[in-house]
Amino acid sequence: MAEPIEQSELVDRRLLRRQMLADDVYEAIKTMLMDHVIRPGARISIDGLAREFQVSSTPVREALARLESEGLAVKEPLKGYRATPLLTLDEFDDLYRFRLLLEPWAARRAAEQITAEGAERLRAELANAVEPTSIDYAGYKSLTAHDNRFHSLIASLSGSEQVRSAFERTHCHLHIFRLHYNRDIGPEVLTEHHALVEAITSGDPQAAEAAMTHHIENSMTVRLRRVYE
């Protein structure tokens, strides 16, 4: 005879299913925003998405609240949600000026105080990086997530919680990858990440700072700025 299922187990399973459903809806809407299926600036219909995904409005609202915190959606009083516009040229330049102030310093500091444990974390993150499988968000999602974790880890290894928090609040990896440009950049990005790991783990602050500056300037001027030309 089967063991009776405790009430607490039933509650836990329901909560788990609800969380999985909410996460699935979040990822689906996020993909639509990243691939411009929902156009930048367009109104987002909660009821329409609920019908499309065959769910209630609750997980859609929860997903949109999460996307609002990442800067991909904005809630307008009495109007509902809209997709945020793409970065303007001025916003793009401001973001990269901020990164150039913050991240080369963080890389230098990380190299100055690198430990065996920190070096292992960097190498492990790099080992988990996967080249894109296609030029849409589904193909680039893994690289986008790696890019965020990698840069956040370097900021964390700088020893400054404020620097790490400031970087993460920009959600720059999402806004950069959301821009429409030739996304055939995976190998180049990962090559630069390898150079950063080598400089930081070898404990060379000057090389680490230079590698991060080169990486960010390449991202800004070589890979992305042509979007605005």
# chains A, B, ... in the order shown; residues from 1 in each chain; ligands from 1
>>> residues_around(residues="Asp35 in chain A", least_positions_apart="5", cutoff="10 Å", atoms="only C-alpha atoms", output="PyMOL selection string")
chain A and resi 29-30+40+135-138+177-180
>>> residues_around(residues="Ser152 in chain A", least_positions_apart="5", cutoff="9 Å", atoms="only C-alpha atoms", output="ChimeraX atom specification")
/A:147,157,164-165,167-168
>>> residues_around(residues="Val197 in chain A", least_positions_apart="3", cutoff="9 Å", atoms="only C-alpha atoms", output="PDB file with C-alpha atoms, in the first residue's frame")
ATOM      1  CA  ALA A 119      40.887  31.916  -9.956  1.00  0.00           C
ATOM      2  CA  LEU A 122      36.796  32.407 -13.086  1.00  0.00           C
ATOM      3  CA  ARG A 123      38.108  29.351 -14.909  1.00  0.00           C
ATOM      4  CA  LEU A 126      34.787  30.345 -18.644  1.00  0.00           C
ATOM      5  CA  GLU A 192      38.590  38.319 -24.968  1.00  0.00           C
ATOM      6  CA  HIS A 193      37.169  36.637 -21.872  1.00  0.00           C
ATOM      7  CA  HIS A 194      40.022  34.108 -22.033  1.00  0.00           C
ATOM      8  CA  ILE A 200      43.551  38.283 -13.610  1.00  0.00           C
ATOM      9  CA  THR A 201      44.550  34.768 -12.516  1.00  0.00           C
ATOM     10  CA  SER A 202      48.220  35.525 -13.176  1.00  0.00           C
ATOM     11  CA  ALA A 208      43.958  42.892 -16.341  1.00  0.00           C
TER      12      ALA A 208
END
>>> select_by_dssp(residues="chain A", states="alpha helix (DSSP H)", output="ChimeraX atom specification")
/A:7-34,46-53,57-69,89-112,116-127,137-157,161-170,172-178,186-201,205-217
>>> atom_distance(atom1="CA of Thr115 in chain A", atom2="CA of Ala129 in chain A")
21.6 Å
>>> residues_around(residues="Ala107 in chain A", least_positions_apart="5", cutoff="8 Å", atoms="only C-alpha atoms", output="PyMOL selection string")
chain A and resi 154-155+158+200+205+208-209+212
>>> closest_residue(among="A:Asp93, A:Glu76, A:Glu198, A:Asp23", to="Ile44 in chain A", atoms="only C-alpha atoms")
A:Glu76
>>> closest_residue(among="A:Tyr228, A:Arg108, A:Gly41, A:Glu91", to="Lys75 in chain A", atoms="only C-alpha atoms")
A:Gly41
>>> closest_atom_pairs(of="range 156-224 of chain A", to="range 61-73 of chain A", cutoff="10 Å", atoms="only C-alpha atoms", output="tab-separated table")
residue	atom	partner	partner_atom	distance
A:Glu168	CA	A:Glu70	CA	9.6
A:Arg169	CA	A:Glu70	CA	8.0
A:Thr170	CA	A:Glu70	CA	8.2
A:His171	CA	A:Glu70	CA	6.1
A:Cys172	CA	A:Glu70	CA	9.4
A:Leu174	CA	A:Glu70	CA	8.1
A:His175	CA	A:Leu72	CA	7.8
A:Arg178	CA	A:Leu72	CA	9.3
>>> write_last_selection(atoms="C-alpha atoms", output="CSV table (one decimal), in the first residue's frame")
chain,number,residue,atom,x,y,z
A,168,GLU,CA,24.3,44.5,-12.0
A,169,ARG,CA,21.8,47.3,-11.7
A,170,THR,CA,22.5,48.3,-15.3
A,171,HIS,CA,21.4,45.0,-16.7
A,172,CYS,CA,23.7,46.0,-19.6
A,174,LEU,CA,20.3,42.3,-21.8
A,175,HIS,CA,20.1,45.8,-23.3
A,178,ARG,CA,18.6,43.3,-27.4
>>> residues_around(residues="Pro187 in chain A", least_positions_apart="6", cutoff="10 Å", atoms="only C-alpha atoms", output="PDB file with all heavy atoms, in the first residue's frame")
ATOM      1  N   VAL A 130      29.285  28.764 -23.645  1.00  0.00           N
ATOM      2  CA  VAL A 130      28.925  28.033 -24.854  1.00  0.00           C
ATOM      3  C   VAL A 130      28.764  29.019 -26.002  1.00  0.00           C
ATOM      4  O   VAL A 130      28.107  30.054 -25.852  1.00  0.00           O
ATOM      5  CB  VAL A 130      27.604  27.256 -24.657  1.00  0.00           C
ATOM      6  CG1 VAL A 130      27.209  26.534 -25.942  1.00  0.00           C
ATOM      7  CG2 VAL A 130      27.737  26.269 -23.510  1.00  0.00           C
ATOM      8  N   GLU A 131      29.373  28.707 -27.143  1.00  0.00           N
ATOM      9  CA  GLU A 131      29.203  29.573 -28.304  1.00  0.00           C
ATOM     10  C   GLU A 131      27.759  29.526 -28.787  1.00  0.00           C
ATOM     11  O   GLU A 131      27.081  28.495 -28.670  1.00  0.00           O
ATOM     12  CB  GLU A 131      30.151  29.154 -29.434  1.00  0.00           C
ATOM     13  CG  GLU A 131      31.602  29.503 -29.157  1.00  0.00           C
ATOM     14  CD  GLU A 131      32.472  29.388 -30.400  1.00  0.00           C
ATOM     15  OE1 GLU A 131      31.910  29.330 -31.509  1.00  0.00           O
ATOM     16  OE2 GLU A 131      33.702  29.361 -30.243  1.00  0.00           O
ATOM     17  N   PRO A 132      27.245  30.641 -29.330  1.00  0.00           N
ATOM     18  CA  PRO A 132      25.853  30.684 -29.794  1.00  0.00           C
ATOM     19  C   PRO A 132      25.568  29.631 -30.851  1.00  0.00           C
ATOM     20  O   PRO A 132      26.426  29.287 -31.669  1.00  0.00           O
ATOM     21  CB  PRO A 132      25.730  32.095 -30.380  1.00  0.00           C
ATOM     22  CG  PRO A 132      26.811  32.881 -29.707  1.00  0.00           C
ATOM     23  CD  PRO A 132      27.941  31.926 -29.486  1.00  0.00           C
ATOM     24  N   HIS A 193      37.372  37.119 -23.238  1.00  0.00           N
ATOM     25  CA  HIS A 193      37.169  36.637 -21.872  1.00  0.00           C
ATOM     26  C   HIS A 193      38.338  35.760 -21.435  1.00  0.00           C
ATOM     27  O   HIS A 193      38.775  35.826 -20.271  1.00  0.00           O
ATOM     28  CB  HIS A 193      35.854  35.851 -21.773  1.00  0.00           C
ATOM     29  CG  HIS A 193      34.640  36.730 -21.724  1.00  0.00           C
ATOM     30  ND1 HIS A 193      33.383  36.241 -21.449  1.00  0.00           N
ATOM     31  CD2 HIS A 193      34.482  38.063 -21.914  1.00  0.00           C
ATOM     32  CE1 HIS A 193      32.506  37.239 -21.470  1.00  0.00           C
ATOM     33  NE2 HIS A 193      33.150  38.343 -21.762  1.00  0.00           N
TER      34      HIS A 193
END
>>> residues_around(residues="Arg97 in chain A", least_positions_apart="5", cutoff="10 Å", atoms="only C-alpha atoms", output="list in words")
Glu91, Phe92, Leu102, Ile216, Glu217 and Met220 of chain A
>>> closest_residue(among="A:Tyr81, A:Trp105, A:Tyr140, A:Tyr26", to="Gln206 in chain A", atoms="only C-alpha atoms")
A:Trp105
